[in-house]
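Engineer: Just structure09.cif, nothing more (mmCIF, C-alpha atoms):
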```cif
data_final
loop_
_atom_site.label_atom_id
_atom_site.label_comp_id
_atom_site.auth_asym_id
_atom_site.auth_seq_id
_atom_site.Cartn_x
_atom_site.Cartn_y
_atom_site.Cartn_z
CA MET A 20 -30.48 49.54 -64.69
CA LYS A 21 -30.15 49.17 -60.93
CA ARG A 22 -27.11 46.96 -61.46
CA ALA A 23 -25.18 49.69 -63.33
CA LYS A 24 -25.44 52.09 -60.36
CA GLN A 25 -23.78 49.57 -58.04
CA LYS A 26 -20.76 48.94 -60.25
CA GLY A 27 -17.49 49.59 -58.39
CA PHE A 28 -19.08 49.97 -54.94
CA THR A 29 -17.82 46.55 -53.80
CA TYR A 30 -14.30 47.44 -54.97
CA ILE A 31 -14.26 50.63 -52.86
CA GLY A 32 -15.54 48.68 -49.84
CA LEU A 33 -12.75 46.13 -50.31
CA LEU A 34 -10.11 48.91 -50.51
CA VAL A 35 -11.44 50.46 -47.27
CA ALA A 36 -11.26 47.04 -45.56
CA VAL A 37 -7.64 46.57 -46.69
CA VAL A 38 -6.69 50.03 -45.34
CA VAL A 39 -8.37 49.33 -41.97
CA LEU A 40 -6.63 45.95 -41.77
CA GLY A 41 -3.25 47.57 -42.57
CA VAL A 42 -3.67 50.20 -39.84
CA ALA A 43 -4.67 47.50 -37.32
CA LEU A 44 -1.67 45.34 -38.24
CA SER A 45 0.73 48.27 -37.88
CA ALA A 46 -0.65 48.97 -34.38
CA VAL A 47 -0.19 45.30 -33.47
CA GLY A 48 3.40 45.50 -34.76
CA VAL A 49 4.18 48.46 -32.48
CA VAL A 50 2.70 46.68 -29.45
CA TRP A 51 4.60 43.49 -30.30
CA HIS A 52 7.89 45.39 -30.66
CA THR A 53 7.37 47.16 -27.32
CA GLN A 54 6.52 43.89 -25.58
CA ALA A 55 9.60 42.18 -27.08
CA GLN A 56 11.82 45.04 -25.82
CA ARG A 57 10.31 44.75 -22.33
CA GLU A 58 11.08 41.01 -22.34
CA ARG A 59 14.69 41.71 -23.40
CA GLU A 60 14.96 44.24 -20.56
CA GLN A 61 13.83 41.58 -18.07
CA GLU A 62 16.33 39.14 -19.54
CA LEU A 63 19.09 41.78 -19.27
CA LEU A 64 18.29 42.28 -15.58
CA PHE A 65 18.38 38.50 -15.00
CA VAL A 66 21.62 37.93 -16.94
CA GLY A 67 23.28 40.97 -15.38
CA HIS A 68 22.55 39.67 -11.91
CA GLN A 69 23.84 36.23 -12.90
CA PHE A 70 27.17 37.78 -13.91
CA LYS A 71 27.29 39.93 -10.78
CA THR A 72 26.58 36.91 -8.56
CA ALA A 73 29.23 34.87 -10.39
CA ILE A 74 31.82 37.65 -9.98
CA ALA A 75 30.96 37.88 -6.27
CA ALA A 76 31.33 34.10 -5.85
CA TYR A 77 34.65 34.15 -7.72
CA PHE A 78 35.92 37.03 -5.58
CA ASN A 79 34.74 35.48 -2.31
CA SER A 80 35.97 31.97 -3.04
CA GLY A 81 39.11 32.94 -1.14
CA VAL A 82 41.29 30.61 -3.18
CA GLY A 83 44.68 32.27 -3.55
CA GLY A 84 43.41 35.47 -1.97
CA ARG A 85 40.44 37.56 -2.97
CA GLN A 86 40.65 38.75 -6.52
CA TYR A 87 38.39 39.59 -9.42
CA PRO A 88 38.36 37.55 -12.62
CA GLN A 89 40.66 38.77 -15.38
CA GLN A 90 38.44 37.37 -18.17
CA LEU A 91 34.79 36.37 -18.34
CA SER A 92 35.90 32.81 -19.15
CA ASP A 93 37.34 32.62 -15.61
CA LEU A 94 33.74 32.46 -14.40
CA LEU A 95 33.15 29.29 -16.43
CA GLU A 96 36.07 27.41 -14.93
CA ASP A 97 38.08 28.70 -11.99
CA MET A 98 41.41 26.89 -12.06
CA ARG A 99 42.80 28.55 -8.91
CA SER A 100 42.14 25.46 -6.79
CA PRO A 101 42.86 21.74 -7.27
CA VAL A 102 39.18 21.16 -8.01
CA PRO A 103 37.93 23.58 -10.70
CA ARG A 104 34.90 25.65 -9.75
CA HIS A 105 32.16 26.77 -12.11
CA TYR A 106 30.33 30.02 -11.35
CA LEU A 107 28.44 30.21 -14.67
CA ARG A 108 27.28 27.39 -16.91
CA ARG A 109 27.82 29.47 -20.03
CA LEU A 110 28.62 33.00 -21.10
CA TYR A 111 25.34 34.68 -21.90
CA ASN A 112 24.82 36.96 -24.88
CA ASP A 113 23.73 40.53 -24.32
CA PRO A 114 19.92 40.36 -24.77
CA MET A 115 19.80 43.89 -26.16
CA THR A 116 22.32 43.27 -28.96
CA GLY A 117 22.01 39.50 -29.33
CA ALA A 118 25.80 39.07 -29.25
CA ALA A 119 28.49 38.45 -26.64
CA ASP A 120 29.66 42.06 -26.88
CA TRP A 121 29.44 43.03 -23.23
CA THR A 122 31.16 46.14 -21.99
CA LEU A 123 33.42 45.00 -19.18
CA VAL A 124 33.62 47.18 -16.08
CA ARG A 125 37.18 46.95 -14.78
CA VAL A 126 39.06 48.48 -11.90
CA GLU A 127 42.64 49.20 -12.82
CA GLY A 128 44.89 46.49 -11.42
CA LEU A 129 42.05 44.42 -9.93
CA GLY A 130 40.16 42.88 -12.85
CA ILE A 131 36.56 42.65 -14.01
CA THR A 132 34.19 43.98 -11.38
CA GLY A 133 31.06 43.91 -13.53
CA ILE A 134 29.44 44.09 -16.93
CA ALA A 135 27.14 46.41 -18.86
CA SER A 136 25.25 46.13 -22.11
CA SER A 137 26.91 47.69 -25.13
CA SER A 138 23.52 48.82 -26.50
CA GLN A 139 23.00 52.55 -26.92
CA ALA A 140 19.20 52.15 -27.14
CA ALA A 141 17.00 54.00 -24.66
CA PRO A 142 15.36 51.79 -22.03
CA LEU A 143 11.59 51.61 -21.71
CA LYS A 144 11.74 50.88 -17.99
CA HIS A 145 12.44 53.95 -15.84
CA ALA A 146 10.79 52.99 -12.54
CA GLY A 147 9.97 50.00 -10.41
CA PHE A 148 13.56 48.87 -9.89
CA SER A 149 14.77 47.16 -6.74
CA LEU A 150 16.97 49.09 -4.28
CA GLU A 151 20.01 47.37 -5.78
CA GLU A 152 19.04 48.68 -9.23
CA ALA A 153 17.97 52.21 -8.16
CA ALA A 154 20.72 53.83 -10.27
CA PHE A 155 19.08 52.43 -13.43
CA GLU A 156 16.13 54.85 -13.09
CA ASP A 157 18.19 57.77 -14.46
CA ALA A 158 19.76 55.76 -17.30
CA THR A 159 19.42 57.11 -20.83
CA CYS A 160 20.77 53.94 -22.49
CA TYR A 161 21.16 50.28 -21.58
CA CYS A 162 24.92 50.83 -21.46
CA GLN A 163 24.35 52.66 -18.16
CA TRP A 164 22.78 49.59 -16.55
CA GLN A 165 26.01 48.40 -14.92
CA PHE A 166 26.01 45.21 -12.86
CA VAL A 167 29.05 45.70 -10.63
CA TYR A 168 30.13 43.75 -7.56
CA ILE A 169 31.79 45.84 -4.84
CA PRO A 170 32.56 44.01 -1.59
CA ARG A 171 31.05 45.53 1.54
CA ASN A 172 34.37 45.69 3.34
CA PHE A 173 36.10 47.53 0.52
CA ARG A 174 37.67 50.59 2.18
CA ARG A 175 37.79 52.77 -0.90
CA ARG A 176 35.15 52.80 -3.59
CA PRO A 177 36.96 51.96 -6.82
CA THR A 178 36.20 53.98 -9.90
CA PRO A 179 35.03 51.54 -12.60
CA ILE A 180 36.54 51.92 -16.03
CA ALA A 181 34.23 50.60 -18.76
CA SER A 182 35.97 48.82 -21.60
CA PRO A 183 34.53 46.88 -24.53
CA THR A 184 34.93 43.10 -24.58
CA PRO A 185 38.15 42.10 -26.34
#
```
Translate this file's structure into structure tokens.
Structural biologist:
Amino acid sequence: MKRAKQKGFTYIGLLVAVVVLGVALSAVGVVWHTQAQREREQELLFVGHQFKTAIAAYFNSGVGGRQYPQQLSDLLEDMRSPVPRHYLRRLYNDPMTGAADWTLVRVEGLGITGIASSSQAAPLKHAGFSLEEAAFEDATCYCQWQFVYIPRNFRRRPTPIASPTP
């Protein structure tokens, strides 16, 4: 008779264990997603600075006068001199979208002065930026993280015009 009273108790215990395991796994999923987004943010900062440095090197190469690149592919192989120069090894994908869909920051008549992500997602990082990245603290989307090269001796501050990659 004692056995009849215990019927079904193990089943209820197993259901409770499955529910607890499901809740724990969903919490792990949220933490994993947040950590993955933070890693993509770090990659965006790295890649953005790589593009900015490459644009600066292209501009300052002095070959044929100082000018900005007209296309991102100009950073891969600069044919303005007898010996081609390479400022980037490859064109990086936007870490936030996973595609090469950068928003190009252009100054009318000059060329590409920088890039920005085309992602409309809200950034997790809002503080702890370097002085160079201080403007990113107020950003409401990754598209506002613009990596733009402006020479120090530029007399007038150009107004960047963001345009999607062709």
Engineer: Considering all atoms listed in the file, state which residue in the set A:Asp157, A:Val39, A:Leu34, A:Asn79 is at the smallest distance from Arg171 in chain A.
Structural biologist: A:Asn79
Engineer: Mind pulling up the distance from CA of Trp51 in chain A to CA of Gly147 in chain A?
Structural biologist: 21.6 Å
Engineer: Return the single residue from A:Leu129, A:Ile31, A:Leu143, A:Ala118 that is closest to Glu60 in chain A, with distances computed using all atoms listed in the file.
Structural biologist: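 For Glu60 in chain A, the nearest of the candidates is A:Leu143.
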Engineer: Can you turn the PyMOL selection byres ((chain A and resi 71) around 8) into a concrete residue list for this file, as a list in words?
Structural biologist: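 After applying the PyMOL selection byres ((chain A and resi 71) around 8), what remains is Gly67, His68, Gln69, Phe70, Thr72, Ala73, Ile74, Ala75, Gly133, Ile134, Phe166, Val167 and Tyr168 of chain A.
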Engineer: Please expand the PyMOL selection byres ((chain A and resi 99) around 12) into the concrete residues it hits in this file, giving the result as a ChimeraX atom specification.
Structural biologist: /A:77-78,80-88,93-94,96-98,100-105
Engineer: Write to file, as an mmCIF file, keeping the file's coordinate frame, the residues of the selection just made, with C-alpha atoms.
Structural biologist:
```cif
data_model
loop_
_atom_site.group_PDB
_atom_site.id
_atom_site.type_symbol
_atom_site.label_atom_id
_atom_site.label_comp_id
_atom_site.auth_asym_id
_atom_site.auth_seq_id
_atom_site.Cartn_x
_atom_site.Cartn_y
_atom_site.Cartn_z
ATOM 1 C CA TYR A 77 34.650 34.150 -7.720
ATOM 2 C CA PHE A 78 35.920 37.030 -5.580
ATOM 3 C CA SER A 80 35.970 31.970 -3.040
ATOM 4 C CA GLY A 81 39.110 32.940 -1.140
ATOM 5 C CA VAL A 82 41.290 30.610 -3.180
ATOM 6 C CA GLY A 83 44.680 32.270 -3.550
ATOM 7 C CA GLY A 84 43.410 35.470 -1.970
ATOM 8 C CA ARG A 85 40.440 37.560 -2.970
ATOM 9 C CA GLN A 86 40.650 38.750 -6.520
ATOM 10 C CA TYR A 87 38.390 39.590 -9.420
ATOM 11 C CA PRO A 88 38.360 37.550 -12.620
ATOM 12 C CA ASP A 93 37.340 32.620 -15.610
ATOM 13 C CA LEU A 94 33.740 32.460 -14.400
ATOM 14 C CA GLU A 96 36.070 27.410 -14.930
ATOM 15 C CA ASP A 97 38.080 28.700 -11.990
ATOM 16 C CA MET A 98 41.410 26.890 -12.060
ATOM 17 C CA SER A 100 42.140 25.460 -6.790
ATOM 18 C CA PRO A 101 42.860 21.740 -7.270
ATOM 19 C CA VAL A 102 39.180 21.160 -8.010
ATOM 20 C CA PRO A 103 37.930 23.580 -10.700
ATOM 21 C CA ARG A 104 34.900 25.650 -9.750
ATOM 22 C CA HIS A 105 32.160 26.770 -12.110
#
```
Engineer: Extending 5 Å beyond the listed atoms of range 68-76 of chain A on each side, what axis-aligned box results? I want centre and edge lengths in Å to one decimal, as lines of an AutoDock Vina configuration file.
Structural biologist:
```
center_x = 27.2
center_y = 37.0
center_z = -9.9
size_x = 19.3
size_y = 15.8
size_z = 18.1
```
